[in-house]
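Trainee: Pasting a structure below so you can have a look.
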Amino acid sequence: MMRFQRACHRLSLSPLCHSSPPSSSLLLLPPKLSTLRCCARVRRFSGTSLMSSRAASRLRCLASVSPGAGEDAGGSTSNGSASLSATATDDDELALGTGYRLPPPEIRDIVDAPPVPALSFSPHRDKILFLKRRALPPLADLARPEEKLAGVRIDGYCNTRSRMSFYTGLGIHQLLPDGTLSPEKEITGIPDGGKINFVTWSSDGKHLAFSIRVDENGNSSKPIVWVADVETGEARPLFKSQDIYLNAIFESFVWIDDSTLLVSTIPSSRGDPPKKPLVPSGPKTLSNEKQSVVQVRTFQDLLKDEYDADLFDYYATSQLVLASLDGTAKEVGPPAVYTSLDPSTDHKYLLISSLHRPYSFIVPCGRFPKKVEVWTADGRFVRQLCDLPLAEDIPIVANSVRKGMRSINWRADKPSTLYWAETQDGGDAKVEVSPRDIVYMQSAEPLAGEEPEVLHKLDLRYGGISWCDDTLALVYESWYKTRRTRTWVISPGSNDVTPRILFDRSSEDVYSDPGSTMLRRTAAGTYVIAKIKKENDEGTYVLLNGSGATPQGNVPFLDLFDINTGNKERIWESDKEKYFETVVALMSDQKEGDLKMEELKILTSKESKTENTQFSLQLWPDRKVQQITNFPHPYPQLASLQKEMIRYQRKDGVQLTATLYLPPGYDPSKDGPLPCLFWSYPGEFKSKDAASQVRGSPNEFAGIGSTSALLWLARRFAILSGPTIPIIGEGDEEANDRYVEQLVASAEAAVDEVVRRGVAHPSKIAVGGHSYGAFMTANLLAHAPHLFSCGIARSGAYNRTLTPFGFQNEDRTLWEATNVYVEMSPFMSANKIKKPILLIHGEEDNNPGTLTMQSDRFFNALKGHGALCRLVILPHESHGYSARESIMHVLWETDRWLQKYCVPNTSDADTSPDQSKEESDSADKVATATGGGNPEFGDHEDHSKFRRSLLW
């Protein structure tokens, strides 16, 4: 739980973390989902929520039910506006075509399988909401115009974040005492084709609130807030007027109490968008005459001029409206760019955050000037907590933060009590000071002259608090450079009780991870640490839910932990022989006081290598198990695939792991070695011991996303999934100082192992990866060409001099570590790449560092040296790919590449110069046809302008 809370504190400065309204549900996203988005704030939830995803390694965390926080792989199977050509034979004429292609049916059928609904538990855990989803969206959805402003992509027609996924219907099931579900009660009244977002329960579980968009004239309308009566299933608009629209750029709406919502609406007085002036008012000027040190990473979608700033104001400005279920509505506060709305625990106050000018052209909106204010629940201004200035100068070093008050929240266990952290090092992690952070606490309306109370002082960087009561809270701190993490026990209501360290360990050491405390729901709808009462025992017990990493793989557990003595008792553990089980959530709620051990109820998940994830209730004291879901196998054609977690050793002694997948029915003695796809992503460590630890479980279900390497099991490939590629920097050494050496050594060890096992043909091994995995792929083809027959690199960065102020976890600048930047850049070694490489990139990549220009430039460098290469630019796609046409084409391109340059390969000989020239010319034509021409010469004017605008 606190891993998630700490992640959310880190995300609080990111403009791309789209805060969604509170959810009082346990959200169980079906196994096919390949991405996990966790941006909602735990403290505001009126119920527990969870995203469960095999591809996310069963990460359990609280998150919004709303799918509107960003892009995902959900969508329609309809073709949309772009045509999809039928699968055809692989020949040069087809390869040079400009249309979208389809992969072979055995791959296509898996990707097109209909998704099962997401599940959401009610606050009282007595009902389950089924949120129905569509399959992959058509490209037409991504082709809608969007404004790129201050790090945010906006659909101006809807006044929402662009490319929002949505639900297509809602159904409620009663959870019966025997663990079975009642027949579905459909939520009625929703317009045909309505697109549903931001689904939230009221804290009493009697109502649902959500937004609906409908198609009109080929576009989705602006969203309108609806409410549904859970008992009757009837839904209706919240507002009597049909002219009140939701503004969903930042915060959408929150429940103030069981019958009142605070809604961000489009101001009724707003006119047409500002028009771009034909003649600029003057040049764009950036100045640093004060000689400030301002280092920023390569953020994308920034404001370019005053017109952009006016557009940002136009779309992001909201008018807050208090709306009751009886139809009454009242505007509160002035129109402003509100970014968060947080009711206090006792529903008497609101914590309101907003952005204001002056804006910046070099950092996204998460660093714009920010006001945080306290209002009464009926909208009356009480006081301003802070007005933070523009934060362009946050150092790029890890653990650097914004100056001033940050992470301002309500205490979950007390009425109307605020807490926050303030840095003592000016936000600069390079500054040595003690304490580094101080945590403060204060009531919403302090008495005259009352100063904030110092709650705790920290020497590492503050990472959040888990509250229980006045006798118990846990405070977290960590430091990335040393990977140190500490948990403190404090007594918030007793100044005479000395804080003490409960856990002090390395965050990399997964074997020593004690687990996270489980939370229970309070009467106010917040979540606090669950205290457990044992019969005839006066100890203070909590529940620790851990992943249980061991050398044999993860064995999740639930421990009863005495917070005072440190003694623990294991009360539940996963089956380690065949199944992989996890504790998902605590289901036994108690309004006040401790939970009785004999009344404990938990929600668990269970899966195996071949059995889909199912969810069950476990009840104490007899540990009765009641399975409540029965999801079908999402791809029965691969139900009998073979999976094994393998271990092997790098030449420097570091133990490595990988998951080896083999196709159904494969027999090495009869079938011999297979073509193999090696798909991975490097990681950084401070110690060899931590890098050698096993992560994951051999019994996890094989999740296959829409662009997963596992799809090629259907094409009779062996798949080496996630072979660990640790880049280790011990002591004063930085990990990237020996990046290439360690990368090659890890790949050699993995390839040697699958060849030794006889499952992979040594000359038929392809390497691939996405993002930093694409960077890895290009480097391996440059520095270890003897290992691989070809490579597939998706949405990567290849020239690190284009990200001069840090990348990934490297926080030294280009000028501080010039050799590292140059030696790590495969662009600088383009002359060494002799094996075929397929480059794929979204034309609208929104990820810092992976500008589409990176693939353009790398392709031209490869082509300039006669390399066999191909560049595919996907129109309208960003860093991850969403549209069905795009995804199918990516799969077709990948399959074609593997069938042409991996499957028939019989030797390690490099491609002949004549063949390289022929294929290079062919690939150049393909790149030109897809918008990937040389940006320097304007053969695609719009594309080249986009590229040049991103040069640093």
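Residue names in the structure tokens use chain letters A, B, ... in the order shown, residue numbers from 1 in each chain, and ligand numbers from 1 in the order shown.
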Could you pull out all residues of region 554-782 of chain A with a DSSP call of helix (DSSP H, G or I) and give them as an MDAnalysis selection string?
Mentor: chainID A and resid 597:599 636:638 668:671 688:692 709:715 735:756 772:782
Trainee: For Leu617 (chain A), find every residue with an atom within 12 Å (counting only C-alpha atoms), except residues of its own chain fewer than 2 positions away, and show them as a PyMOL selection string.
Mentor: chain A and resi 125-126+175-180+582-588+600-606+614-615+619-620+623-629
Trainee: Go ahead and save the picked residues with C-alpha atoms, as a compact mmCIF listing (two decimals), in the first residue's frame.
Mentor:
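After the write, out-v5.txt holds the following:
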# COMPACT_ATOMS: atom_id res chain seq x y z
CA ARG A 125 -18.32 -4.99 0.10
CA ASP A 126 -21.83 -6.32 -0.42
CA LEU A 175 -22.54 -10.63 -3.29
CA LEU A 176 -24.50 -13.39 -1.56
CA PRO A 177 -23.45 -14.95 1.78
CA ASP A 178 -22.25 -18.14 0.07
CA GLY A 179 -19.89 -16.15 -2.17
CA THR A 180 -21.99 -16.45 -5.30
CA THR A 582 -2.06 -12.82 -3.43
CA VAL A 583 -3.96 -10.90 -0.78
CA VAL A 584 -5.85 -8.20 -2.64
CA ALA A 585 -7.74 -6.34 0.08
CA LEU A 586 -9.17 -6.46 3.56
CA MET A 587 -12.91 -7.08 3.29
CA SER A 588 -13.94 -7.11 6.98
CA LEU A 600 -11.23 -11.48 9.55
CA LYS A 601 -12.22 -11.57 5.89
CA ILE A 602 -9.82 -10.98 2.99
CA LEU A 603 -10.07 -10.94 -0.80
CA THR A 604 -7.45 -13.07 -2.56
CA SER A 605 -6.52 -13.83 -6.13
CA LYS A 606 -5.40 -17.20 -7.42
CA GLN A 614 -9.86 -15.72 -10.15
CA PHE A 615 -10.88 -13.92 -6.97
CA LEU A 619 -13.09 -16.10 6.11
CA TRP A 620 -11.64 -16.72 9.54
CA ARG A 623 -10.39 -20.17 6.61
CA LYS A 624 -13.37 -20.96 4.43
CA VAL A 625 -12.72 -20.08 0.76
CA GLN A 626 -15.52 -18.73 -1.45
CA GLN A 627 -14.61 -18.17 -5.11
CA ILE A 628 -16.55 -15.22 -6.51
CA THR A 629 -15.36 -15.00 -10.12
Trainee: I need the residues of region 639-800 of chain A that end up classed as strand (DSSP E) by DSSP on the backbone, written out as number ranges by chain.
Mentor: A: 642-649, 655-662, 674-679, 683-685, 718-721, 726-728, 760-770, 790-794
Trainee: Limited to N, CA and C atoms, could you put the picked residues into a file as a compact mmCIF listing (two decimals), in the first residue's frame?
Mentor:
# COMPACT_ATOMS: atom_id res chain seq x y z
N GLN A 642 3.90 -23.73 -22.26
CA GLN A 642 4.84 -24.17 -21.23
C GLN A 642 5.60 -22.95 -20.69
N LYS A 643 5.72 -22.88 -19.38
CA LYS A 643 6.38 -21.74 -18.74
C LYS A 643 7.33 -22.23 -17.66
N GLU A 644 8.52 -21.62 -17.63
CA GLU A 644 9.50 -21.98 -16.60
C GLU A 644 10.33 -20.75 -16.24
N MET A 645 10.52 -20.53 -14.95
CA MET A 645 11.44 -19.50 -14.50
C MET A 645 12.83 -20.12 -14.42
N ILE A 646 13.75 -19.59 -15.20
CA ILE A 646 15.09 -20.19 -15.27
C ILE A 646 16.11 -19.26 -14.60
N ARG A 647 17.18 -19.86 -14.09
CA ARG A 647 18.26 -19.12 -13.44
C ARG A 647 19.59 -19.48 -14.10
N TYR A 648 20.45 -18.49 -14.22
CA TYR A 648 21.75 -18.71 -14.83
C TYR A 648 22.68 -17.61 -14.30
N GLN A 649 23.95 -17.65 -14.68
CA GLN A 649 24.93 -16.75 -14.07
C GLN A 649 25.68 -15.95 -15.12
N GLN A 655 23.84 -13.52 -10.41
CA GLN A 655 22.80 -14.48 -10.76
C GLN A 655 21.68 -13.76 -11.51
N LEU A 656 21.25 -14.34 -12.61
CA LEU A 656 20.21 -13.75 -13.45
C LEU A 656 19.02 -14.69 -13.55
N THR A 657 17.87 -14.13 -13.88
CA THR A 657 16.66 -14.94 -14.06
C THR A 657 15.95 -14.50 -15.33
N ALA A 658 15.11 -15.37 -15.83
CA ALA A 658 14.26 -15.07 -16.98
C ALA A 658 13.09 -16.04 -16.95
N THR A 659 12.04 -15.67 -17.66
CA THR A 659 10.91 -16.59 -17.82
C THR A 659 10.92 -17.12 -19.23
N LEU A 660 11.03 -18.42 -19.34
CA LEU A 660 11.08 -19.09 -20.64
C LEU A 660 9.71 -19.67 -20.97
N TYR A 661 9.16 -19.24 -22.10
CA TYR A 661 7.87 -19.74 -22.57
C TYR A 661 8.10 -20.57 -23.83
N LEU A 662 7.43 -21.71 -23.88
CA LEU A 662 7.49 -22.58 -25.05
C LEU A 662 6.08 -22.85 -25.55
N LEU A 674 14.07 -24.02 -31.39
CA LEU A 674 13.10 -23.13 -32.03
C LEU A 674 13.73 -21.78 -32.31
N PRO A 675 13.13 -21.02 -33.22
CA PRO A 675 13.48 -19.60 -33.25
C PRO A 675 13.03 -18.97 -31.94
N CYS A 676 13.77 -17.98 -31.46
CA CYS A 676 13.53 -17.45 -30.13
C CYS A 676 13.46 -15.92 -30.17
N LEU A 677 12.53 -15.36 -29.41
CA LEU A 677 12.42 -13.90 -29.27
C LEU A 677 12.81 -13.52 -27.85
N PHE A 678 13.84 -12.72 -27.72
CA PHE A 678 14.40 -12.24 -26.46
C PHE A 678 13.84 -10.84 -26.25
N TRP A 679 13.03 -10.63 -25.19
CA TRP A 679 12.35 -9.34 -24.98
C TRP A 679 12.61 -8.89 -23.54
N GLY A 683 17.51 -2.80 -15.86
CA GLY A 683 17.25 -2.17 -14.57
C GLY A 683 18.56 -1.81 -13.89
N GLU A 684 18.50 -0.82 -12.99
CA GLU A 684 19.71 -0.34 -12.32
C GLU A 684 19.73 -0.75 -10.85
N PHE A 685 20.91 -1.11 -10.35
CA PHE A 685 21.07 -1.58 -8.98
C PHE A 685 22.34 -1.01 -8.37
N ALA A 718 10.03 -19.80 -29.27
CA ALA A 718 10.36 -19.77 -27.85
C ALA A 718 10.48 -18.30 -27.46
N ILE A 719 9.97 -17.95 -26.29
CA ILE A 719 10.02 -16.56 -25.85
C ILE A 719 10.82 -16.50 -24.55
N LEU A 720 11.88 -15.72 -24.57
CA LEU A 720 12.64 -15.45 -23.35
C LEU A 720 12.17 -14.08 -22.85
N SER A 721 11.27 -14.11 -21.88
CA SER A 721 10.59 -12.90 -21.44
C SER A 721 11.27 -12.32 -20.20
N PRO A 726 20.70 -6.47 -15.24
CA PRO A 726 21.06 -5.51 -14.20
C PRO A 726 22.28 -4.68 -14.59
N ILE A 727 22.15 -3.37 -14.44
CA ILE A 727 23.27 -2.45 -14.64
C ILE A 727 23.65 -1.96 -13.24
N ILE A 728 24.80 -2.40 -12.76
CA ILE A 728 25.15 -2.26 -11.34
C ILE A 728 26.24 -1.21 -11.17
N ALA A 760 16.46 -23.13 -28.12
CA ALA A 760 16.63 -22.01 -29.04
C ALA A 760 17.76 -22.29 -30.00
N HIS A 761 17.52 -22.06 -31.28
CA HIS A 761 18.54 -22.22 -32.30
C HIS A 761 19.51 -21.05 -32.20
N PRO A 762 20.81 -21.29 -32.08
CA PRO A 762 21.77 -20.20 -31.82
C PRO A 762 21.80 -19.12 -32.89
N SER A 763 21.42 -19.42 -34.12
CA SER A 763 21.43 -18.40 -35.18
C SER A 763 20.04 -17.85 -35.47
N LYS A 764 19.06 -18.22 -34.62
CA LYS A 764 17.68 -17.77 -34.84
C LYS A 764 17.12 -17.11 -33.58
N ILE A 765 17.90 -16.22 -33.01
CA ILE A 765 17.46 -15.51 -31.80
C ILE A 765 17.34 -14.04 -32.14
N ALA A 766 16.14 -13.50 -31.98
CA ALA A 766 15.87 -12.09 -32.22
C ALA A 766 15.78 -11.38 -30.88
N VAL A 767 16.12 -10.09 -30.86
CA VAL A 767 16.06 -9.30 -29.64
C VAL A 767 15.11 -8.13 -29.86
N GLY A 768 14.35 -7.78 -28.82
CA GLY A 768 13.42 -6.67 -28.97
C GLY A 768 13.10 -6.02 -27.64
N GLY A 769 12.52 -4.83 -27.72
CA GLY A 769 12.10 -4.12 -26.52
C GLY A 769 11.41 -2.82 -26.86
N HIS A 770 10.75 -2.25 -25.87
CA HIS A 770 10.01 -1.00 -26.01
C HIS A 770 10.63 0.06 -25.12
N CYS A 790 18.47 -10.53 -35.56
CA CYS A 790 17.80 -9.29 -35.94
C CYS A 790 17.23 -8.65 -34.68
N GLY A 791 16.69 -7.44 -34.82
CA GLY A 791 16.14 -6.75 -33.67
C GLY A 791 14.88 -5.98 -34.00
N ILE A 792 14.03 -5.79 -32.99
CA ILE A 792 12.81 -4.98 -33.10
C ILE A 792 12.87 -3.94 -31.98
N ALA A 793 12.89 -2.67 -32.34
CA ALA A 793 13.02 -1.58 -31.36
C ALA A 793 11.83 -0.65 -31.50
N ARG A 794 11.02 -0.55 -30.43
CA ARG A 794 9.81 0.26 -30.47
C ARG A 794 9.94 1.48 -29.56
Trainee: Under the rule that only C-alpha atoms are counted, which of A:Gly233, A:Pro636, A:Gly404, A:Gly194 is the nearest residue to Val214 (chain A)?
Mentor: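 With only C-alpha atoms as the atom set, the closest residue is A:Gly194.
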